[in-house]
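Enquirer: Below: one structure in structure tokens.
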Amino acid sequence: MGNTLGVGVGLGVGLSVGAAALIQAAAAPNIEPVKRSSEAHSNRVVTPQHQHNTEEDIDESSAERLRDAMSYTKDNPMLIQVPVLGTAKTFWRLSDKATRISRKLASILRSQHSVGKYLTAPLKVSNVWIGSTGSVKLRGVSFTSWGFSIHRVRDDYKRLYRFLILLIGISGGDVTKLPPDYKEFLVLLRSDNLTMEDEFLIVNNAALLPMENRTEVFLMLHDRIVNYLGRKSPTKRKRILSKLPYKKNWLDTAKANVKINQWVVDVRNEYRRSPLDLLRLNRNVRCHMHEYSNDDFEETLYYEWPELLMVMEKMLYLEGELRGTSIQNKFG
């Protein structure tokens with residue numbers, strides 16, 4: 001196997017404690033103060049709720065207005081409720097702004113880790129500033145190289161976990177309603193077995209994809225598993241297929257949804273209850289859904305099989321095949 005990720009394929013630990021306890025835990029630091037002999041300090045600490053960039057901040061996002069994370073998330077809910085086509089149901093998912101913020105913060109940490117630095121203290125809401133286009137900047141934080149180790153890397157991601165839970169709560173979200181793939185992302189952040197190699201999976205996690213890009217990523221991973229590995233490594237393909245979820249009930253789920261069922265009935269090649277046919281149905285729906293004017297159909301597929309894309313990605317990672325895709329370019 002290509003990697004040794006310290007989290008199981010399923011949801012594993014989950015988020016069993018209540019929202020209030022998680023939000024309270026998010027504010028509590030768990031790392032002792034560290035020596036600051038080689039710290040990289042940010043330019044300055046800002047206290048107002050709105051800020052315009054100064055010359056020292058100029059980059060491609062310099063024209064946009066920055067807001068502190070608290071005021072931004074209060075106006076931009078991180079958890080949103082959306083309808084499920086083909087049913088009378090609704091479900092909760094992360095907004096694209098929320099997943100973008102999550103990825104940007106993880107990317108900042110990964111960038112610092114790559115040069116041997118880590119946070120000297122937990123992130124606070126006042127440290128994080130968010131632009132109108134989704135850019136994220138840190139203010140009033142320090143990174144240090146003193147005593148850098150994998151344990152410090154793990155501590156940083158545990159701090160990020162607590163911060164994201166806090167931010168979701170501030171925005172009015174209920175953490176018990178988080179979708180399964182984002183819960184798994186949070187479990188990964190808390191892993192005691194995390195390696196620096198695993199940072200690739202953190203920042204390129206399927207749970208953080210914009211909704212409009214999920215179709216393209218599914219088709220890309222499907223091709224890698226079914227076609228590429230079918231030719232190059234049938235053994236890897238077989239292992240990945242054996243780990244896909246929904247083995248027993250995916251076809252029943254498809255038939256129960258009025259919209260999805262139109263791809264199941266009266267087909268030339270009848271679907272069987274196999275992992276390969278689960279992928280085949282999902283591929284067929286995604287390849288043709290625009291013919292039926294169902295531009296929001298990706299949300300429905302996400303609701304019905306929320307762990308499918310997540311497990312496809314994770315298994316490709318564990319088999320050492322994820323880097324062979326262009327997953328890192330699919331986040332907008």
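Numbering starts fresh at 1 for the residues of each chain in the structure tokens, the chains themselves are lettered A, B, ... in the order given, and ligands are numbered from 1 as they appear.
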Skip segment 152-169 of chain A itself and residues of its chain fewer than 2 positions away, then list as a VMD selection string all residues within 6 Å of it, counting only C-alpha atoms.

Expert: chain A and resid 23 26 78 122 149 to 150 171 to 173 186 189 to 190

Enquirer: Mind dumping the selected residues with all heavy atoms as a short mmCIF file (atom, residue, chain, number, x, y, z; two decimals), in the first residue's frame?

Expert:
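Saved to out15.cif:
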```cif
data_model
loop_
_atom_site.label_atom_id
_atom_site.label_comp_id
_atom_site.auth_asym_id
_atom_site.auth_seq_id
_atom_site.Cartn_x
_atom_site.Cartn_y
_atom_site.Cartn_z
N ILE A 23 -17.79 23.71 20.66
CA ILE A 23 -17.47 25.13 20.49
C ILE A 23 -16.66 25.62 21.68
O ILE A 23 -15.71 26.38 21.53
CB ILE A 23 -18.75 25.95 20.32
CG1 ILE A 23 -19.44 25.55 18.99
CG2 ILE A 23 -18.46 27.43 20.34
CD1 ILE A 23 -20.80 26.14 18.83
N ALA A 26 -13.18 24.44 21.37
CA ALA A 26 -12.46 25.09 20.28
C ALA A 26 -11.64 26.27 20.76
O ALA A 26 -10.62 26.62 20.16
CB ALA A 26 -13.44 25.56 19.21
N MET A 78 -21.92 28.95 7.32
CA MET A 78 -21.03 27.90 6.83
C MET A 78 -21.80 26.63 6.49
O MET A 78 -21.41 25.86 5.61
CB MET A 78 -19.94 27.62 7.86
CG MET A 78 -19.02 28.82 8.09
SD MET A 78 -17.62 28.46 9.16
CE MET A 78 -16.58 27.45 8.10
N PRO A 122 -2.66 28.82 19.66
CA PRO A 122 -3.87 28.48 18.91
C PRO A 122 -4.41 29.68 18.14
O PRO A 122 -4.26 30.83 18.55
CB PRO A 122 -4.87 28.05 20.00
CG PRO A 122 -4.01 27.65 21.16
CD PRO A 122 -2.81 28.54 21.11
N SER A 149 8.73 19.45 14.87
CA SER A 149 8.63 18.00 14.75
C SER A 149 7.25 17.63 14.24
O SER A 149 6.37 18.49 14.14
CB SER A 149 8.87 17.32 16.11
OG SER A 149 7.77 17.60 16.99
N ILE A 150 7.06 16.36 13.94
CA ILE A 150 5.75 15.91 13.47
C ILE A 150 4.69 16.12 14.55
O ILE A 150 3.51 16.35 14.24
CB ILE A 150 5.80 14.42 13.04
CG1 ILE A 150 4.47 13.99 12.42
CG2 ILE A 150 6.16 13.53 14.22
CD1 ILE A 150 4.06 14.78 11.19
N SER A 171 -21.21 30.88 13.11
CA SER A 171 -22.05 31.17 11.95
C SER A 171 -23.48 30.65 12.11
O SER A 171 -24.31 30.84 11.23
CB SER A 171 -21.43 30.55 10.68
OG SER A 171 -21.64 29.15 10.66
N GLY A 172 -23.76 30.02 13.24
CA GLY A 172 -25.10 29.50 13.50
C GLY A 172 -25.30 28.07 13.09
O GLY A 172 -26.42 27.55 13.12
N GLY A 173 -24.23 27.38 12.70
CA GLY A 173 -24.33 26.00 12.26
C GLY A 173 -24.39 25.01 13.42
O GLY A 173 -23.84 25.26 14.49
N LEU A 186 -12.56 16.36 9.49
CA LEU A 186 -12.24 16.82 10.84
C LEU A 186 -11.57 15.72 11.66
O LEU A 186 -10.66 15.99 12.45
CB LEU A 186 -13.51 17.30 11.55
CG LEU A 186 -14.18 18.56 10.97
CD1 LEU A 186 -15.47 18.87 11.72
CD2 LEU A 186 -13.24 19.76 11.01
N LEU A 189 -7.98 15.69 10.76
CA LEU A 189 -7.24 16.78 11.40
C LEU A 189 -6.83 16.41 12.83
O LEU A 189 -5.80 16.88 13.32
CB LEU A 189 -8.08 18.06 11.44
CG LEU A 189 -8.43 18.72 10.11
CD1 LEU A 189 -9.21 20.01 10.36
CD2 LEU A 189 -7.18 19.01 9.27
N ARG A 190 -7.60 15.57 13.48
CA ARG A 190 -7.33 15.21 14.87
C ARG A 190 -6.45 13.98 15.03
O ARG A 190 -6.14 13.57 16.15
CB ARG A 190 -8.64 14.96 15.62
CG ARG A 190 -9.55 16.16 15.73
CD ARG A 190 -10.75 15.85 16.58
NE ARG A 190 -11.49 14.69 16.10
CZ ARG A 190 -12.53 14.15 16.73
NH1 ARG A 190 -12.94 14.66 17.87
NH2 ARG A 190 -13.15 13.11 16.22
#
```

Enquirer: Write out as a ChimeraX atom specification the set of residues from segment 88-185 of chain A that DSSP, computed on the backbone, places in alpha helix (DSSP H).

Expert: /A:96-114,150-170,180-185

Enquirer: Report, in Å with one decimal, the straight-line distance from atom CA of Phe297 of chain A to atom CA of Leu209 of chain A.

Expert: 15.5 Å

Enquirer: Using Å and a single decimal, report how far atom CA of Ser114 of chain A sits from atom CA of Glu64 of chain A.

Expert: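 Interatomic distance here is 28.0 Å.
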
Enquirer: Near Leu178 of chain A, counting only C-alpha atoms, which residues have an atom at most 10 Å away, once you skip same-chain residues fewer than 5 positions from it, shown as a PDB file with all heavy atoms, in the first residue's frame?

Expert:
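Result file part_35.pdb:
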```pdb
ATOM      1  N   LEU A  15     -18.192  12.749  15.370  1.00  0.00           N
ATOM      2  CA  LEU A  15     -18.289  13.897  16.268  1.00  0.00           C
ATOM      3  C   LEU A  15     -19.456  13.639  17.202  1.00  0.00           C
ATOM      4  O   LEU A  15     -20.580  14.020  16.941  1.00  0.00           O
ATOM      5  CB  LEU A  15     -18.512  15.197  15.474  1.00  0.00           C
ATOM      6  CG  LEU A  15     -17.427  15.543  14.463  1.00  0.00           C
ATOM      7  CD1 LEU A  15     -17.825  16.784  13.698  1.00  0.00           C
ATOM      8  CD2 LEU A  15     -16.103  15.749  15.151  1.00  0.00           C
ATOM      9  N   LEU A  79     -22.876  26.386   7.205  1.00  0.00           N
ATOM     10  CA  LEU A  79     -23.751  25.241   6.908  1.00  0.00           C
ATOM     11  C   LEU A  79     -25.017  25.762   6.247  1.00  0.00           C
ATOM     12  O   LEU A  79     -25.660  26.679   6.766  1.00  0.00           O
ATOM     13  CB  LEU A  79     -24.116  24.494   8.191  1.00  0.00           C
ATOM     14  CG  LEU A  79     -23.276  23.278   8.585  1.00  0.00           C
ATOM     15  CD1 LEU A  79     -23.786  22.706   9.902  1.00  0.00           C
ATOM     16  CD2 LEU A  79     -23.292  22.199   7.520  1.00  0.00           C
ATOM     17  N   ILE A  80     -25.371  25.175   5.102  1.00  0.00           N
ATOM     18  CA  ILE A  80     -26.573  25.604   4.398  1.00  0.00           C
ATOM     19  C   ILE A  80     -27.476  24.398   4.132  1.00  0.00           C
ATOM     20  O   ILE A  80     -27.002  23.275   3.961  1.00  0.00           O
ATOM     21  CB  ILE A  80     -26.229  26.314   3.068  1.00  0.00           C
ATOM     22  CG1 ILE A  80     -25.414  25.399   2.156  1.00  0.00           C
ATOM     23  CG2 ILE A  80     -25.482  27.611   3.339  1.00  0.00           C
ATOM     24  CD1 ILE A  80     -25.137  25.996   0.779  1.00  0.00           C
ATOM     25  N   PHE A  91     -31.170  18.571   2.967  1.00  0.00           N
ATOM     26  CA  PHE A  91     -30.022  18.166   3.775  1.00  0.00           C
ATOM     27  C   PHE A  91     -29.079  19.339   3.961  1.00  0.00           C
ATOM     28  O   PHE A  91     -29.173  20.357   3.267  1.00  0.00           O
ATOM     29  CB  PHE A  91     -29.301  16.959   3.157  1.00  0.00           C
ATOM     30  CG  PHE A  91     -28.308  17.292   2.065  1.00  0.00           C
ATOM     31  CD1 PHE A  91     -26.950  17.200   2.283  1.00  0.00           C
ATOM     32  CD2 PHE A  91     -28.759  17.670   0.799  1.00  0.00           C
ATOM     33  CE1 PHE A  91     -26.042  17.498   1.275  1.00  0.00           C
ATOM     34  CE2 PHE A  91     -27.861  17.960  -0.215  1.00  0.00           C
ATOM     35  CZ  PHE A  91     -26.489  17.880   0.026  1.00  0.00           C
ATOM     36  N   TRP A  92     -28.177  19.190   4.919  1.00  0.00           N
ATOM     37  CA  TRP A  92     -27.228  20.240   5.262  1.00  0.00           C
ATOM     38  C   TRP A  92     -25.866  19.915   4.686  1.00  0.00           C
ATOM     39  O   TRP A  92     -25.389  18.791   4.786  1.00  0.00           O
ATOM     40  CB  TRP A  92     -27.112  20.383   6.790  1.00  0.00           C
ATOM     41  CG  TRP A  92     -28.365  20.877   7.442  1.00  0.00           C
ATOM     42  CD1 TRP A  92     -29.422  20.139   7.881  1.00  0.00           C
ATOM     43  CD2 TRP A  92     -28.689  22.246   7.719  1.00  0.00           C
ATOM     44  NE1 TRP A  92     -30.392  20.946   8.416  1.00  0.00           N
ATOM     45  CE2 TRP A  92     -29.968  22.244   8.330  1.00  0.00           C
ATOM     46  CE3 TRP A  92     -28.038  23.460   7.516  1.00  0.00           C
ATOM     47  CZ2 TRP A  92     -30.592  23.422   8.741  1.00  0.00           C
ATOM     48  CZ3 TRP A  92     -28.652  24.626   7.920  1.00  0.00           C
ATOM     49  CH2 TRP A  92     -29.915  24.601   8.528  1.00  0.00           C
ATOM     50  N   ARG A  93     -25.249  20.919   4.078  1.00  0.00           N
ATOM     51  CA  ARG A  93     -23.879  20.762   3.587  1.00  0.00           C
ATOM     52  C   ARG A  93     -23.103  22.044   3.860  1.00  0.00           C
ATOM     53  O   ARG A  93     -23.693  23.095   4.161  1.00  0.00           O
ATOM     54  CB  ARG A  93     -23.870  20.455   2.089  1.00  0.00           C
ATOM     55  CG  ARG A  93     -24.305  21.619   1.174  1.00  0.00           C
ATOM     56  CD  ARG A  93     -23.980  21.292  -0.274  1.00  0.00           C
ATOM     57  NE  ARG A  93     -24.367  22.325  -1.232  1.00  0.00           N
ATOM     58  CZ  ARG A  93     -23.595  23.351  -1.572  1.00  0.00           C
ATOM     59  NH1 ARG A  93     -22.408  23.526  -1.007  1.00  0.00           N
ATOM     60  NH2 ARG A  93     -24.013  24.234  -2.490  1.00  0.00           N
ATOM     61  N   LEU A  94     -21.780  21.967   3.749  1.00  0.00           N
ATOM     62  CA  LEU A  94     -20.950  23.148   3.892  1.00  0.00           C
ATOM     63  C   LEU A  94     -21.129  24.034   2.662  1.00  0.00           C
ATOM     64  O   LEU A  94     -21.199  23.535   1.536  1.00  0.00           O
ATOM     65  CB  LEU A  94     -19.479  22.763   4.034  1.00  0.00           C
ATOM     66  CG  LEU A  94     -18.934  22.421   5.430  1.00  0.00           C
ATOM     67  CD1 LEU A  94     -18.873  23.665   6.293  1.00  0.00           C
ATOM     68  CD2 LEU A  94     -19.724  21.321   6.091  1.00  0.00           C
ATOM     69  N   ILE A 168     -17.898  27.353  12.730  1.00  0.00           N
ATOM     70  CA  ILE A 168     -19.208  26.836  12.321  1.00  0.00           C
ATOM     71  C   ILE A 168     -20.268  27.222  13.350  1.00  0.00           C
ATOM     72  O   ILE A 168     -21.387  27.627  13.004  1.00  0.00           O
ATOM     73  CB  ILE A 168     -19.149  25.310  12.130  1.00  0.00           C
ATOM     74  CG1 ILE A 168     -18.295  24.971  10.904  1.00  0.00           C
ATOM     75  CG2 ILE A 168     -20.553  24.728  11.977  1.00  0.00           C
ATOM     76  CD1 ILE A 168     -17.946  23.507  10.791  1.00  0.00           C
ATOM     77  N   GLY A 173     -24.228  27.385  12.704  1.00  0.00           N
ATOM     78  CA  GLY A 173     -24.328  25.999  12.261  1.00  0.00           C
ATOM     79  C   GLY A 173     -24.387  25.013  13.420  1.00  0.00           C
ATOM     80  O   GLY A 173     -23.838  25.262  14.494  1.00  0.00           O
ATOM     81  N   LYS A 183     -17.135  15.537   8.288  1.00  0.00           N
ATOM     82  CA  LYS A 183     -16.824  14.944   9.591  1.00  0.00           C
ATOM     83  C   LYS A 183     -15.534  14.133   9.505  1.00  0.00           C
ATOM     84  O   LYS A 183     -14.679  14.191  10.394  1.00  0.00           O
ATOM     85  CB  LYS A 183     -17.964  14.032  10.049  1.00  0.00           C
ATOM     86  CG  LYS A 183     -19.218  14.746  10.517  1.00  0.00           C
ATOM     87  CD  LYS A 183     -20.255  13.742  10.979  1.00  0.00           C
ATOM     88  CE  LYS A 183     -21.525  14.417  11.449  1.00  0.00           C
ATOM     89  NZ  LYS A 183     -22.548  13.422  11.881  1.00  0.00           N
ATOM     90  N   GLU A 184     -15.394  13.381   8.427  1.00  0.00           N
ATOM     91  CA  GLU A 184     -14.183  12.583   8.241  1.00  0.00           C
ATOM     92  C   GLU A 184     -12.954  13.474   8.064  1.00  0.00           C
ATOM     93  O   GLU A 184     -11.860  13.162   8.545  1.00  0.00           O
ATOM     94  CB  GLU A 184     -14.349  11.668   7.030  1.00  0.00           C
ATOM     95  CG  GLU A 184     -13.162  10.767   6.733  1.00  0.00           C
ATOM     96  CD  GLU A 184     -13.041   9.601   7.695  1.00  0.00           C
ATOM     97  OE1 GLU A 184     -13.841   9.500   8.644  1.00  0.00           O
ATOM     98  OE2 GLU A 184     -12.133   8.774   7.506  1.00  0.00           O
TER      99      GLU A 184
END
```

Enquirer: Report the closest atom pair, with its distance in Å rounded to one decimal, for each residue of segment 220-289 of chain A that has an atom no farther than 9 Å from segment 307-318 of chain A; count only C-alpha atoms, sort by chain and then rising residue number, and write it as a tab-separated table.

Expert:
```
residue	atom	partner	partner_atom	distance
A:Leu221	CA	A:Met312	CA	7.0
A:His222	CA	A:Met312	CA	8.1
A:Arg224	CA	A:Leu316	CA	8.5
A:Ile225	CA	A:Leu316	CA	7.7
A:Lys236	CA	A:Leu316	CA	8.7
A:Arg239	CA	A:Met315	CA	8.4
A:Ile240	CA	A:Met315	CA	5.7
A:Leu241	CA	A:Met312	CA	8.5
A:Lys243	CA	A:Val311	CA	7.6
A:Leu244	CA	A:Val311	CA	6.4
A:Pro245	CA	A:Leu308	CA	6.4
A:Tyr246	CA	A:Leu308	CA	8.2
A:Leu279	CA	A:Leu308	CA	8.9
```

Enquirer: Restrict the selected residues to all heavy atoms and save them as a short mmCIF file (atom, residue, chain, number, x, y, z; two decimals), in the first residue's frame.

Expert:
```cif
data_model
loop_
_atom_site.label_atom_id
_atom_site.label_comp_id
_atom_site.auth_asym_id
_atom_site.auth_seq_id
_atom_site.Cartn_x
_atom_site.Cartn_y
_atom_site.Cartn_z
N LEU A 221 -11.54 10.63 -10.95
CA LEU A 221 -11.19 9.52 -10.06
C LEU A 221 -11.77 8.20 -10.58
O LEU A 221 -11.14 7.14 -10.44
CB LEU A 221 -11.67 9.80 -8.64
CG LEU A 221 -11.10 11.05 -7.96
CD1 LEU A 221 -11.49 11.08 -6.49
CD2 LEU A 221 -9.59 11.14 -8.12
N HIS A 222 -12.96 8.27 -11.16
CA HIS A 222 -13.56 7.08 -11.77
C HIS A 222 -12.64 6.54 -12.87
O HIS A 222 -12.39 5.33 -12.95
CB HIS A 222 -14.93 7.43 -12.34
CG HIS A 222 -15.57 6.31 -13.11
ND1 HIS A 222 -15.25 6.04 -14.43
CD2 HIS A 222 -16.52 5.40 -12.77
CE1 HIS A 222 -15.96 5.02 -14.86
NE2 HIS A 222 -16.74 4.62 -13.87
N ARG A 224 -9.46 6.97 -13.16
CA ARG A 224 -8.23 6.43 -12.57
C ARG A 224 -8.45 5.02 -12.01
O ARG A 224 -7.60 4.14 -12.18
CB ARG A 224 -7.77 7.37 -11.45
CG ARG A 224 -6.38 7.05 -10.89
CD ARG A 224 -5.31 7.50 -11.85
NE ARG A 224 -3.97 7.24 -11.32
CZ ARG A 224 -2.86 7.63 -11.93
NH1 ARG A 224 -2.92 8.28 -13.07
NH2 ARG A 224 -1.67 7.36 -11.40
N ILE A 225 -9.58 4.83 -11.35
CA ILE A 225 -9.85 3.53 -10.73
C ILE A 225 -10.23 2.48 -11.76
O ILE A 225 -9.63 1.39 -11.83
CB ILE A 225 -10.97 3.67 -9.67
CG1 ILE A 225 -10.51 4.55 -8.51
CG2 ILE A 225 -11.39 2.29 -9.15
CD1 ILE A 225 -11.62 4.96 -7.56
N LYS A 236 -4.85 -3.39 -7.47
CA LYS A 236 -5.21 -2.15 -6.78
C LYS A 236 -6.67 -1.81 -7.04
O LYS A 236 -7.39 -1.39 -6.12
CB LYS A 236 -4.31 -1.00 -7.25
CG LYS A 236 -2.91 -1.03 -6.70
CD LYS A 236 -2.14 0.22 -7.13
CE LYS A 236 -0.73 0.26 -6.53
NZ LYS A 236 -0.01 1.49 -6.90
N ARG A 239 -8.88 -3.90 -4.85
CA ARG A 239 -8.88 -3.47 -3.45
C ARG A 239 -9.71 -2.23 -3.25
O ARG A 239 -10.46 -2.11 -2.27
CB ARG A 239 -7.43 -3.23 -2.98
CG ARG A 239 -6.67 -4.46 -2.59
CD ARG A 239 -5.48 -4.13 -1.70
NE ARG A 239 -4.50 -3.31 -2.40
CZ ARG A 239 -3.39 -3.79 -2.96
NH1 ARG A 239 -3.15 -5.09 -2.95
NH2 ARG A 239 -2.52 -2.97 -3.54
N ILE A 240 -9.59 -1.27 -4.16
CA ILE A 240 -10.37 -0.04 -4.03
C ILE A 240 -11.86 -0.33 -4.13
O ILE A 240 -12.65 0.15 -3.31
CB ILE A 240 -9.94 0.98 -5.10
CG1 ILE A 240 -8.51 1.46 -4.83
CG2 ILE A 240 -10.90 2.17 -5.13
CD1 ILE A 240 -7.93 2.35 -5.92
N LEU A 241 -12.25 -1.11 -5.11
CA LEU A 241 -13.67 -1.44 -5.28
C LEU A 241 -14.23 -2.16 -4.05
O LEU A 241 -15.38 -1.94 -3.66
CB LEU A 241 -13.87 -2.30 -6.53
CG LEU A 241 -13.63 -1.60 -7.88
CD1 LEU A 241 -13.76 -2.61 -9.02
CD2 LEU A 241 -14.60 -0.46 -8.09
N LYS A 243 -13.56 -1.65 -1.05
CA LYS A 243 -13.73 -0.74 0.08
C LYS A 243 -14.81 0.32 -0.13
O LYS A 243 -15.09 1.10 0.77
CB LYS A 243 -12.41 -0.03 0.38
CG LYS A 243 -11.28 -0.96 0.84
CD LYS A 243 -11.61 -1.63 2.15
CE LYS A 243 -10.43 -2.47 2.63
NZ LYS A 243 -10.73 -3.13 3.94
N LEU A 244 -15.41 0.35 -1.30
CA LEU A 244 -16.45 1.35 -1.55
C LEU A 244 -17.66 1.10 -0.67
O LEU A 244 -18.03 -0.05 -0.41
CB LEU A 244 -16.85 1.35 -3.03
CG LEU A 244 -15.79 1.78 -4.04
CD1 LEU A 244 -16.39 1.81 -5.44
CD2 LEU A 244 -15.20 3.14 -3.68
N PRO A 245 -18.31 2.17 -0.21
CA PRO A 245 -19.47 2.02 0.68
C PRO A 245 -20.75 1.70 -0.11
O PRO A 245 -20.73 1.65 -1.34
CB PRO A 245 -19.58 3.39 1.34
CG PRO A 245 -19.04 4.34 0.30
CD PRO A 245 -17.94 3.58 -0.41
N TYR A 246 -21.82 1.46 0.62
CA TYR A 246 -23.17 1.28 0.07
C TYR A 246 -23.33 -0.01 -0.74
O TYR A 246 -24.16 -0.08 -1.65
CB TYR A 246 -23.58 2.49 -0.79
CG TYR A 246 -23.30 3.82 -0.16
CD1 TYR A 246 -22.34 4.68 -0.68
CD2 TYR A 246 -23.97 4.21 1.00
CE1 TYR A 246 -22.06 5.89 -0.09
CE2 TYR A 246 -23.70 5.42 1.61
CZ TYR A 246 -22.75 6.26 1.06
OH TYR A 246 -22.47 7.48 1.65
N LEU A 279 -20.41 2.75 -9.34
CA LEU A 279 -19.62 3.77 -10.04
C LEU A 279 -20.18 4.03 -11.43
O LEU A 279 -20.22 5.17 -11.88
CB LEU A 279 -18.16 3.32 -10.14
CG LEU A 279 -17.38 3.20 -8.83
CD1 LEU A 279 -15.92 2.84 -9.12
CD2 LEU A 279 -17.45 4.48 -8.02
#
```

Enquirer: From a DSSP calculation on the backbone, collect every residue of segment 97-208 of chain A in strand (DSSP E) and output the set as a PDB file with C-alpha atoms, in the first residue's frame.

Expert:
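Result file is states-v9.pdb:
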```pdb
ATOM      1  CA  TYR A 118       4.520  25.799  13.228  1.00  0.00           C
ATOM      2  CA  LEU A 119       2.084  27.967  15.191  1.00  0.00           C
ATOM      3  CA  VAL A 128      -8.354  35.269  10.682  1.00  0.00           C
ATOM      4  CA  TRP A 129      -9.382  37.785   8.015  1.00  0.00           C
ATOM      5  CA  ILE A 130     -11.473  36.804   5.017  1.00  0.00           C
ATOM      6  CA  GLY A 131     -11.873  38.590   1.700  1.00  0.00           C
ATOM      7  CA  VAL A 136      -7.820  34.174   3.841  1.00  0.00           C
ATOM      8  CA  LYS A 137      -5.080  36.056   5.698  1.00  0.00           C
ATOM      9  CA  LEU A 138      -3.718  35.641   9.202  1.00  0.00           C
ATOM     10  CA  SER A 142       3.519  33.783  15.018  1.00  0.00           C
ATOM     11  CA  PHE A 143       5.253  30.745  13.564  1.00  0.00           C
ATOM     12  CA  THR A 144       8.486  29.309  14.950  1.00  0.00           C
TER      13      THR A 144
END
```

Enquirer: For Asn257 of chain A, which residue out of A:Leu105, A:Leu208, A:Leu301, A:Met220 is the nearest one, using only C-alpha atoms?

Expert: A:Leu301

Enquirer: Quick check, in Å to one decimal: how far apart do atom CA of Thr235 of chain A and atom CA of Leu276 of chain A lie?

Expert: 14.3 Å

Enquirer: Nearest to Ala207 of chain A: which of A:Val258, A:Val82, A:Leu188, A:Val264 is it, counting only C-alpha atoms?

Expert: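 The closest residue to Ala207 of chain A is A:Leu188.
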
Enquirer: Which of these, A:Asn193, A:Ser71, A:Asn213, A:Gln112, has the shortest distance to Asp96 of chain A once you count only C-alpha atoms?

Expert: A:Asn213
